[in-house]
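Q: First, the structure itself, so that you have it in front of you.
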Amino acid sequence: MTSTGNDIVCLNAIDITRTKQYNFYSKILSNTEKALYHETAFAAIPFEKFVWLLWSIKESAFKYLQRNNPGLVFTPVKFIIQQLYIPAGYALTVYETAGTEGTGFDDNTAIKGIVTFGDVTLYSRSMLHKDFIHSVVNNSEDFKNTCWGIKSIERNDPHSQSTAVRSFLLKRLSLYFKMDKLAIGKNLHGVPIVLNTNEVLPIPVSLSHHDCFVAYSFIS
């Protein structure tokens, strides 16, 4: 199954008090996932950021599976984070650039995860900064063909977010595949697709935005 899924969370836009309330986080975290927070190096990270880290992984996994299962309903607690690996000495840093793009992930800077949904196992890579969390999901631990991008934007209304993330992705796709007539559309189920004139190209893409950040992933 070839697909991709990504999600970004702007940490300056979350409600910290609400996130820490059991009635809220229990809709995202299972009991075993809450225990995972106390058993790992994540204890050094504020609990509200841990909650949104798991949300971003689960949302990414949902997007990954939705491409091939359009009837899938997102229920966060049904996506189970089995393992999380945080690099030694991992520290939250401030995002000090307007945009970042890459292919694959540096093992020293990405948080590794394993997430399951039923009998499906997926793998995640996440970057956790003071400003945002960005996660990408793949069906193997090898992310060498996974391209991604993160960008801060000035206007965060829905139209501006949608326009910015599509423009951001299209610029990368055009350079990567050396094609200048690409467009981003949606299939009948609302999943983003890449078009060349009227032809749908077999390039899985995923879009995300939250507040002042937009992000994408695609398989090269």
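Here's how to read the names in the structure tokens: chain A, B, ... by the order shown, residue numbers from 1 in each chain, ligand numbers from 1 in the order shown.
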Could you build a table of the residues in region 87-141 of chain A lying no more than 8 Å from region 61-64 of chain A, giving for each the nearest pair of atoms and their separation in Å rounded to one decimal place, using only C-alpha atoms, ordered by chain and ascending residue number, as JSON lines?
A:
```
{"residue": "A:Val115", "atom": "CA", "partner": "A:Ala61", "partner_atom": "CA", "distance": 7.6}
{"residue": "A:Leu122", "atom": "CA", "partner": "A:Ala61", "partner_atom": "CA", "distance": 7.2}
{"residue": "A:Val137", "atom": "CA", "partner": "A:Ala61", "partner_atom": "CA", "distance": 5.8}
{"residue": "A:Asn138", "atom": "CA", "partner": "A:Tyr64", "partner_atom": "CA", "distance": 7.6}
```
Q: Taking all heavy atoms for each residue, export the selection above as a short mmCIF file (atom, residue, chain, number, x, y, z; two decimals), in the first residue's frame.
A:
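Now in selection_30.cif:
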```cif
data_model
loop_
_atom_site.label_atom_id
_atom_site.label_comp_id
_atom_site.auth_asym_id
_atom_site.auth_seq_id
_atom_site.Cartn_x
_atom_site.Cartn_y
_atom_site.Cartn_z
N VAL A 115 2.93 2.84 15.34
CA VAL A 115 1.50 3.00 15.61
C VAL A 115 0.74 1.89 14.89
O VAL A 115 1.06 1.55 13.75
CB VAL A 115 1.01 4.40 15.17
CG1 VAL A 115 1.34 4.69 13.72
CG2 VAL A 115 -0.48 4.56 15.41
N LEU A 122 2.22 0.85 11.28
CA LEU A 122 2.84 1.95 10.57
C LEU A 122 3.97 2.54 11.43
O LEU A 122 4.02 2.31 12.65
CB LEU A 122 1.82 3.04 10.25
CG LEU A 122 0.66 2.63 9.34
CD1 LEU A 122 -0.39 3.73 9.27
CD2 LEU A 122 1.15 2.28 7.94
N VAL A 137 4.05 9.70 8.58
CA VAL A 137 3.88 8.26 8.76
C VAL A 137 4.20 7.52 7.46
O VAL A 137 3.93 8.02 6.36
CB VAL A 137 2.45 7.95 9.24
CG1 VAL A 137 2.05 6.52 8.97
CG2 VAL A 137 2.31 8.25 10.72
N ASN A 138 4.77 6.33 7.61
CA ASN A 138 5.12 5.49 6.47
C ASN A 138 4.81 4.04 6.83
O ASN A 138 4.63 3.71 8.01
CB ASN A 138 6.61 5.66 6.14
CG ASN A 138 6.98 5.08 4.79
OD1 ASN A 138 6.13 4.93 3.91
ND2 ASN A 138 8.25 4.76 4.61
#
```
Q: Can you list every residue of region 117-174 of chain A that has an atom at most 12 Å from region 66-80 of chain A, with its nearest atom pair and the distance in Å to one decimal, using only C-alpha atoms, ordered by chain then number, as JSON lines?
A:
```
{"residue": "A:Phe117", "atom": "CA", "partner": "A:Phe79", "partner_atom": "CA", "distance": 4.9}
{"residue": "A:Gly118", "atom": "CA", "partner": "A:Lys78", "partner_atom": "CA", "distance": 7.8}
{"residue": "A:Asp119", "atom": "CA", "partner": "A:Phe79", "partner_atom": "CA", "distance": 10.7}
{"residue": "A:Val120", "atom": "CA", "partner": "A:Phe79", "partner_atom": "CA", "distance": 9.8}
{"residue": "A:Thr121", "atom": "CA", "partner": "A:Ile80", "partner_atom": "CA", "distance": 9.6}
{"residue": "A:Leu122", "atom": "CA", "partner": "A:Phe79", "partner_atom": "CA", "distance": 10.1}
{"residue": "A:Tyr123", "atom": "CA", "partner": "A:Ile80", "partner_atom": "CA", "distance": 11.5}
```
Q: Those selected residues, please, written with C-alpha atoms and delivered as a compact mmCIF listing (two decimals), in the first residue's frame.
A:
```txt
# COMPACT_ATOMS: atom_id res chain seq x y z
CA PHE A 117 -4.62 0.33 13.73
CA GLY A 118 -6.19 -3.10 13.94
CA ASP A 119 -3.74 -5.44 12.22
CA VAL A 120 -1.94 -2.61 10.36
CA THR A 121 1.43 -1.40 11.62
CA LEU A 122 2.84 1.95 10.57
CA TYR A 123 5.99 3.89 11.47
```
Q: Can you pull out the residues contacting region 13-17 of chain A? Cut-off 12 Å, using only C-alpha atoms, and skip same-chain residues under 3 positions away; I want them as a VMD selection string.
A: chain A and resid 8 to 10 20 to 25 46 to 52 130 to 133 156 209 to 213
Q: Closest to Cys147 (chain A) among A:Ile114, A:Val205, A:Ala44, A:Ala183, using only C-alpha atoms?
A: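 Counting only C-alpha atoms, the residue closest to Cys147 (chain A) is A:Val205.
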Q: How many Å lie between CA of Ser206 (chain A) and CA of Gly102 (chain A), rounded to one decimal?
A: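 One can read the CA of Ser206 (chain A) to CA of Gly102 (chain A) distance as 14.8 Å.
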Q: Run DSSP on the backbone and give me the residues of region 83-194 of chain A it puts in strand (DSSP E or B), as a PyMOL selection string.
A: chain A and resi 83-85+99-103+111-117+120-128+132-138+146-152+182-186+192-194
Q: Next, dump the selected residues to file, keeping only N, CA and C atoms, as a short mmCIF file (atom, residue, chain, number, x, y, z; two decimals), in the first residue's frame.
A:
```
data_model
loop_
_atom_site.label_atom_id
_atom_site.label_comp_id
_atom_site.auth_asym_id
_atom_site.auth_seq_id
_atom_site.Cartn_x
_atom_site.Cartn_y
_atom_site.Cartn_z
N GLN A 83 5.20 2.11 20.47
CA GLN A 83 6.55 2.45 20.92
C GLN A 83 6.89 3.87 20.50
N LEU A 84 7.71 4.53 21.32
CA LEU A 84 8.24 5.84 20.99
C LEU A 84 9.71 5.86 21.41
N TYR A 85 10.55 6.36 20.52
CA TYR A 85 11.98 6.46 20.81
C TYR A 85 12.39 7.91 20.67
N GLY A 99 11.02 28.38 6.64
CA GLY A 99 10.62 27.11 6.07
C GLY A 99 11.74 26.11 6.04
N THR A 100 11.37 24.83 6.14
CA THR A 100 12.34 23.75 6.11
C THR A 100 11.78 22.63 5.24
N GLU A 101 12.63 22.05 4.39
CA GLU A 101 12.24 20.92 3.56
C GLU A 101 13.32 19.86 3.62
N GLY A 102 12.90 18.62 3.46
CA GLY A 102 13.88 17.54 3.51
C GLY A 102 13.35 16.27 2.87
N THR A 103 14.23 15.29 2.81
CA THR A 103 13.87 13.94 2.36
C THR A 103 14.44 12.97 3.37
N ILE A 111 11.90 11.96 16.45
CA ILE A 111 11.32 11.01 17.40
C ILE A 111 10.70 9.87 16.59
N LYS A 112 11.10 8.65 16.87
CA LYS A 112 10.60 7.49 16.13
C LYS A 112 9.41 6.87 16.87
N GLY A 113 8.43 6.42 16.11
CA GLY A 113 7.28 5.80 16.71
C GLY A 113 6.76 4.63 15.89
N ILE A 114 6.00 3.76 16.55
CA ILE A 114 5.28 2.67 15.90
C ILE A 114 3.83 2.80 16.31
N VAL A 115 2.93 2.84 15.34
CA VAL A 115 1.50 3.00 15.61
C VAL A 115 0.74 1.89 14.89
N THR A 116 -0.25 1.34 15.57
CA THR A 116 -1.05 0.27 14.96
C THR A 116 -2.52 0.69 14.90
N PHE A 117 -3.18 0.17 13.87
CA PHE A 117 -4.62 0.33 13.73
C PHE A 117 -5.15 -1.03 13.30
N VAL A 120 -2.88 -3.40 11.18
CA VAL A 120 -1.94 -2.61 10.36
C VAL A 120 -0.91 -1.95 11.26
N THR A 121 0.35 -2.05 10.89
CA THR A 121 1.43 -1.40 11.62
C THR A 121 2.09 -0.35 10.75
N LEU A 122 2.22 0.85 11.28
CA LEU A 122 2.84 1.95 10.57
C LEU A 122 3.97 2.54 11.43
N TYR A 123 4.83 3.31 10.79
CA TYR A 123 5.99 3.89 11.47
C TYR A 123 5.93 5.41 11.33
N SER A 124 6.37 6.10 12.36
CA SER A 124 6.29 7.56 12.35
C SER A 124 7.64 8.20 12.66
N ARG A 125 7.78 9.41 12.16
CA ARG A 125 8.89 10.27 12.50
C ARG A 125 8.30 11.63 12.85
N SER A 126 8.74 12.19 13.97
CA SER A 126 8.18 13.46 14.44
C SER A 126 9.29 14.42 14.82
N MET A 127 9.05 15.68 14.54
CA MET A 127 9.94 16.75 14.98
C MET A 127 9.17 17.63 15.96
N LEU A 128 9.69 17.74 17.15
CA LEU A 128 9.03 18.47 18.22
C LEU A 128 9.86 19.70 18.58
N PHE A 132 6.02 24.01 17.38
CA PHE A 132 5.13 23.09 16.67
C PHE A 132 5.59 21.65 16.81
N ILE A 133 4.69 20.76 16.40
CA ILE A 133 4.99 19.33 16.25
C ILE A 133 4.64 18.96 14.81
N HIS A 134 5.55 18.28 14.14
CA HIS A 134 5.25 17.79 12.80
C HIS A 134 5.54 16.31 12.75
N SER A 135 4.57 15.53 12.28
CA SER A 135 4.73 14.07 12.18
C SER A 135 4.44 13.60 10.77
N VAL A 136 5.16 12.55 10.37
CA VAL A 136 4.95 11.90 9.07
C VAL A 136 4.92 10.40 9.32
N VAL A 137 4.05 9.70 8.58
CA VAL A 137 3.88 8.26 8.76
C VAL A 137 4.20 7.52 7.46
N ASN A 138 4.77 6.33 7.61
CA ASN A 138 5.12 5.49 6.47
C ASN A 138 4.81 4.04 6.83
N THR A 146 10.56 9.53 1.46
CA THR A 146 9.53 10.43 1.98
C THR A 146 10.05 11.86 1.99
N CYS A 147 9.42 12.71 1.20
CA CYS A 147 9.78 14.14 1.16
C CYS A 147 8.79 14.91 2.02
N TRP A 148 9.26 15.96 2.65
CA TRP A 148 8.40 16.72 3.57
C TRP A 148 8.81 18.18 3.59
N GLY A 149 7.91 19.02 4.07
CA GLY A 149 8.21 20.43 4.19
C GLY A 149 7.37 21.07 5.27
N ILE A 150 7.93 22.09 5.92
CA ILE A 150 7.25 22.84 6.98
C ILE A 150 7.49 24.32 6.71
N LYS A 151 6.45 25.13 6.89
CA LYS A 151 6.60 26.56 6.61
C LYS A 151 5.70 27.36 7.53
N SER A 152 6.21 28.49 8.01
CA SER A 152 5.38 29.41 8.78
C SER A 152 4.76 30.42 7.82
N LEU A 182 1.79 21.26 -13.00
CA LEU A 182 1.16 20.47 -11.93
C LEU A 182 0.13 21.29 -11.17
N ALA A 183 -0.83 20.57 -10.61
CA ALA A 183 -1.86 21.19 -9.77
C ALA A 183 -2.24 20.21 -8.67
N ILE A 184 -2.76 20.74 -7.58
CA ILE A 184 -3.24 19.91 -6.48
C ILE A 184 -4.76 19.93 -6.50
N GLY A 185 -5.36 18.76 -6.56
CA GLY A 185 -6.81 18.65 -6.51
C GLY A 185 -7.22 17.70 -5.41
N LYS A 186 -8.45 17.26 -5.45
CA LYS A 186 -8.96 16.27 -4.49
C LYS A 186 -9.74 15.22 -5.26
N PRO A 192 -6.21 14.58 -1.15
CA PRO A 192 -5.44 15.37 -2.13
C PRO A 192 -4.74 14.50 -3.16
N ILE A 193 -4.73 14.99 -4.40
CA ILE A 193 -4.09 14.28 -5.51
C ILE A 193 -3.27 15.28 -6.32
N VAL A 194 -2.32 14.75 -7.10
CA VAL A 194 -1.50 15.59 -7.96
C VAL A 194 -1.97 15.41 -9.40
#
```
Q: Could you tell me how far CA of Val200 (chain A) sits from CA of Ser217 (chain A), in Å to one decimal place?
A: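 Taking CA of Ser217 (chain A) and CA of Val200 (chain A), their separation equals 17.3 Å.
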Q: Write down as a list in words the residues of region 115-205 of chain A whose backbone DSSP state falls under alpha helix (DSSP H).
A: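 The residues of region 115-205 of chain A classed as alpha helix (DSSP H) are Pro158, His159, Ser160, Gln161, Ser162, Thr163, Ala164, Val165, Arg166, Ser167, Phe168, Leu169, Leu170, Lys171, Arg172, Leu173, Ser174, Leu175, Tyr176 and Phe177 of chain A.
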